[in-house]
Amino acid sequence: MIICGKYVVTLDSADRTIPRGAVAVRDGVVVDVDVEENIRSRYEAEEVLERRDHIIVPGLVDCHTHTQQYLLRSAIDDEMLQLPPVWTKLLVPFERIMGEELARLSSRASIANMLRNGVTSFIEAGAPYPEVLAEEVLASGIRGFVTYATYDIAEEKVAEPRDVLDRVERLYRDYSNRGDNLRVWASIRQVMMVSEELLEGVIGLTKKLGLGLTLHLGEYQGEVDYVLSRYGMRPLEYMVRRGLGDVDSVVIAHGVYLSPGEVRILRDRGFCLCWCPTVDSWLMGVHWAGFEDVGGVRLGIGSDGGAWGRIDLLHEAKIAKALSKAVGTSIRYYKAGMDSRTILRVLSGSVGTALGERVGRLERGYRADVVVLDVRSVRNLPVIDPVDAVVNYLEGDCVTDVVVGGRLLVEGGELKTIDEGELLEKLLDKEDEVREKIAELRRNIGARPPI
Ligand SMILES: [Zn+2]
């Protein structure tokens, strides 16, 4: 396949942006990126995607999402946010009562939403029905890191550690060899939601099976106080003490409340930090990642799932840039902040590379995960610098084509592996059922029902 565009933003080792460029793809991998004329003379393609008014960028990586919280979209208002922490009041309880059918709908809708917005890889923070999610990953062709919602405490004990570990192991056994696009990982919901026995078990299992691990950490002041008062150290220090440092790939979601010592741990151990610009701002405050020197920290950006917005990493890029400048200017009267190129790199590459996946660049030998953005609109032109255009004002709506591992999953704005019409009908059909479940959860905590 050859994909031609007005600009190809490669983010490759020479950091090239190629006007009238083209990407050549064979067997799911990028084999060449150059000006179109050269590519056309070198290769005979079975399929040519001519996108003359478009910017081509590497696929985006959502490094923290909850695919099975999608149906909570527009259900979290300020009244809920006043009852912290909201995950114990609404998000986790909803996961526990949603049932398999809604989990399937939620997973499919999340994946459709991600693909339409140019997300080619995602890391699931912990799904209550991970098998359902794994099946949807396989059917859709997206690249997914699937994990089970791993906890045994939700304000009170809700499961036996052994049963939780068995479920993770079963997931690994059933789905770890199901193709290139699906990875089974481990997760820890949060330090306050796991017993010491489960924590030890998960880290042990992770090492035994060679899994990556993702966890929420440094997301809530009560969590920091909880660990400090129990163990006399901060959450990340405690996790390292319990063996996290020996895990190969670690992705820490949020990490808003990290001490300088904990940031040093991130750097020294090569842990990835996933900044969620919108949700961190809603729930936690201003993230330091936007304005402090994050050199050496492997940084990614996440949506935290469809409950909060349209799972649009290009939109997150704008929030990230605005936050970076607002804080830099307020604290140091320094306006440069995090530049567009760094943000785009963070959106598409740094986490993927850290995971051992060759994604995030359009360069020979990298996986052919490619996103095409249409700029032919009065809302988008003129484009003087394509990287600034992508980060400053283009959003998921501009995505016309998405390729994952050389396979076209979105073409001309249409999903190729998911029936979007049928999906929309199902979402509409289930709206009342979801509203009723949310009303019940809100009644339980004395909040007013949704309309
Ligand atoms: Zn989360």
# chains A, B, ... in the order shown; residues from 1 in each chain; ligands from 1
>>> residues_around(residues="A:Asp388", least_positions_apart="3", cutoff="10 Å", atoms="only C-alpha atoms", output="list in words")
Asp339, Ser340, Arg341, Ile343, Leu344, Val383, Ile384, Asp385, Val391, Asn392, Tyr393 and Leu394 of chain A
>>> residues_near_ligand(ligand="ligand 1", cutoff="8 Å", atoms="only C-alpha atoms and all ligand atoms", output="PyMOL selection string")
chain A and resi 64-66+125+216+253-254+304-305
>>> closest_residue(among="A:Leu102, A:Leu215, A:Leu138, A:Val48", to="A:Lys437", atoms="only C-alpha atoms")
A:Leu102
>>> closest_residue(among="A:Ile39, A:Val25, A:Ala336, A:Ile76", to="A:Lys89", atoms="only C-alpha atoms")
A:Ile76
>>> closest_residue(among="A:Gly406, A:Pro58, A:Gly218, A:Gly118", to="A:Arg361", atoms="only C-alpha atoms")
A:Pro58
>>> closest_residue(among="A:Tyr366, A:Phe122, A:Tyr220, A:Phe271", to="A:Gly285", atoms="only C-alpha atoms")
A:Tyr220
>>> closest_residue(among="A:Leu441, A:Gly296, A:Leu90, A:Ala289", to="A:Arg269", atoms="only C-alpha atoms")
A:Gly296
>>> residues_around(residues="A:Arg170", least_positions_apart="4", cutoff="12 Å", atoms="only C-alpha atoms", output="compact mmCIF listing (two decimals) with N, CA and C atoms, in the first residue's frame")
# COMPACT_ATOMS: atom_id res chain seq x y z
N PRO A 130 -12.97 -8.41 30.63
CA PRO A 130 -11.83 -8.28 29.70
C PRO A 130 -11.93 -9.21 28.49
N GLU A 131 -12.58 -10.37 28.66
CA GLU A 131 -12.70 -11.31 27.53
C GLU A 131 -13.55 -10.67 26.42
N THR A 147 -6.59 -5.54 30.03
CA THR A 147 -6.35 -5.94 31.43
C THR A 147 -7.68 -6.15 32.14
N TYR A 148 -7.62 -6.89 33.19
CA TYR A 148 -8.81 -7.16 34.02
C TYR A 148 -8.86 -6.15 35.18
N ASP A 163 -9.17 -15.66 43.70
CA ASP A 163 -10.11 -15.67 42.57
C ASP A 163 -9.74 -14.60 41.55
N VAL A 164 -9.33 -13.44 42.07
CA VAL A 164 -8.95 -12.34 41.16
C VAL A 164 -7.73 -12.75 40.34
N LEU A 165 -6.76 -13.34 41.01
CA LEU A 165 -5.53 -13.77 40.31
C LEU A 165 -5.82 -14.85 39.28
N ASP A 166 -6.73 -15.76 39.64
CA ASP A 166 -7.11 -16.83 38.69
C ASP A 166 -7.69 -16.23 37.42
N ASP A 174 -6.06 -17.61 27.78
CA ASP A 174 -7.01 -17.66 26.66
C ASP A 174 -6.69 -16.67 25.54
N TYR A 175 -6.00 -15.60 25.85
CA TYR A 175 -5.89 -14.53 24.85
C TYR A 175 -4.47 -14.05 24.53
N SER A 176 -3.47 -14.63 25.15
CA SER A 176 -2.13 -14.07 24.91
C SER A 176 -1.56 -14.50 23.56
N VAL A 184 -2.18 -9.13 26.38
CA VAL A 184 -2.77 -9.23 27.71
C VAL A 184 -1.76 -8.69 28.72
N TRP A 185 -2.20 -7.76 29.52
CA TRP A 185 -1.37 -7.18 30.57
C TRP A 185 -2.04 -7.40 31.93
N ALA A 186 -1.33 -6.99 32.97
CA ALA A 186 -1.91 -6.99 34.31
C ALA A 186 -2.22 -5.54 34.69
N LEU A 205 2.65 -12.50 39.63
CA LEU A 205 2.12 -13.06 38.39
C LEU A 205 2.68 -12.32 37.17
N LEU A 209 4.71 -14.32 34.32
CA LEU A 209 4.23 -14.46 32.94
C LEU A 209 4.87 -13.45 31.98
>>> select_by_dssp(residues="stretch 113-253 of chain A", states="helix (DSSP H, G or I)", output="VMD selection string")
chain A and resid 113 to 116 130 to 140 161 to 175 191 to 193 196 to 209 221 to 231 235 to 241 244 to 246
>>> atom_distance(atom1="atom CA of A:Tyr231", atom2="atom CA of A:Ser195")
13.6 Å
>>> closest_residue(among="A:Leu347, A:Leu115, A:Ile188, A:Leu424", to="A:Glu316", atoms="only C-alpha atoms")
A:Leu347
>>> residues_around(residues="A:Leu314", least_positions_apart="4", cutoff="8 Å", atoms="only C-alpha atoms", output="PyMOL selection string")
chain A and resi 117+318+390-391+394-396
>>> select_by_dssp(residues="stretch 124-243 of chain A", states="strand (DSSP E)", output="MDAnalysis selection string")
chainID A and resid 124 143:146 153:154 156:157 182:184 186:188 213:217
>>> residues_around(residues="A:Val375", least_positions_apart="4", cutoff="7 Å", atoms="only C-alpha atoms", output="number ranges by chain")
A: 53-54, 380-381, 398
>>> write_last_selection(atoms="C-alpha atoms", output="CSV table (one decimal), in the first residue's frame")
chain,number,residue,atom,x,y,z
A,53,ASP,CA,-5.3,17.7,0.9
A,54,HIS,CA,-4.3,15.7,3.9
A,380,ASN,CA,-8.4,24.5,9.0
A,381,LEU,CA,-6.7,26.4,6.2
A,398,CYS,CA,-10.6,15.7,10.7
>>> atom_distance(atom1="atom CA of A:Ala75", atom2="atom CA of A:Gly309")
11.0 Å
>>> atom_distance(atom1="atom CA of A:Val146", atom2="atom CA of A:Val250")
13.9 Å
>>> residues_around(residues="A:Thr150", least_positions_apart="5", cutoff="9 Å", atoms="only C-alpha atoms", output="ChimeraX atom specification")
/A:126-128,164-165,168,186-190,193-194,198,202
>>> write_last_selection(atoms="N, CA, C and O atoms", output="short mmCIF file (atom, residue, chain, number, x, y, z; two decimals), in the first residue's frame")
data_model
loop_
_atom_site.label_atom_id
_atom_site.label_comp_id
_atom_site.auth_asym_id
_atom_site.auth_seq_id
_atom_site.Cartn_x
_atom_site.Cartn_y
_atom_site.Cartn_z
N GLY A 126 -8.33 -1.55 33.12
CA GLY A 126 -8.86 -2.67 33.90
C GLY A 126 -10.34 -2.82 33.62
O GLY A 126 -11.16 -2.09 34.17
N ALA A 127 -10.68 -3.76 32.76
CA ALA A 127 -12.08 -3.94 32.35
C ALA A 127 -12.72 -5.02 33.21
O ALA A 127 -12.11 -6.06 33.46
N PRO A 128 -13.97 -4.82 33.65
CA PRO A 128 -14.65 -5.87 34.40
C PRO A 128 -14.93 -7.11 33.54
O PRO A 128 -15.04 -8.20 34.06
N VAL A 164 -9.33 -13.44 42.07
CA VAL A 164 -8.95 -12.34 41.16
C VAL A 164 -7.73 -12.75 40.34
O VAL A 164 -7.69 -12.58 39.12
N LEU A 165 -6.76 -13.34 41.01
CA LEU A 165 -5.53 -13.77 40.31
C LEU A 165 -5.82 -14.85 39.28
O LEU A 165 -5.26 -14.85 38.18
N VAL A 168 -7.06 -13.30 36.13
CA VAL A 168 -6.00 -12.68 35.32
C VAL A 168 -5.22 -13.77 34.57
O VAL A 168 -4.93 -13.64 33.37
N ALA A 186 -1.33 -6.99 32.97
CA ALA A 186 -1.91 -6.99 34.31
C ALA A 186 -2.22 -5.54 34.69
O ALA A 186 -1.66 -4.61 34.11
N SER A 187 -3.11 -5.39 35.67
CA SER A 187 -3.37 -4.04 36.17
C SER A 187 -3.60 -4.09 37.67
O SER A 187 -3.89 -5.15 38.24
N ILE A 188 -3.42 -2.94 38.29
CA ILE A 188 -3.80 -2.76 39.70
C ILE A 188 -4.67 -1.52 39.72
O ILE A 188 -4.23 -0.47 39.24
N ARG A 189 -5.89 -1.65 40.24
CA ARG A 189 -6.80 -0.50 40.13
C ARG A 189 -6.21 0.69 40.89
O ARG A 189 -6.09 1.78 40.37
N GLN A 190 -5.86 0.47 42.12
CA GLN A 190 -5.28 1.54 42.92
C GLN A 190 -4.88 0.96 44.25
O GLN A 190 -5.49 -0.01 44.71
N MET A 193 -7.42 -0.07 46.76
CA MET A 193 -8.42 -1.06 46.35
C MET A 193 -7.86 -2.47 46.26
O MET A 193 -8.54 -3.37 45.76
N VAL A 194 -6.61 -2.64 46.72
CA VAL A 194 -6.05 -3.99 46.72
C VAL A 194 -5.51 -4.33 48.10
O VAL A 194 -4.88 -3.51 48.75
N LEU A 198 -3.26 -9.43 47.52
CA LEU A 198 -3.52 -9.33 46.08
C LEU A 198 -2.39 -8.57 45.38
O LEU A 198 -1.94 -8.95 44.30
N VAL A 202 -0.36 -10.05 42.30
CA VAL A 202 -0.37 -9.48 40.94
C VAL A 202 1.06 -9.22 40.47
O VAL A 202 1.43 -9.56 39.34
#
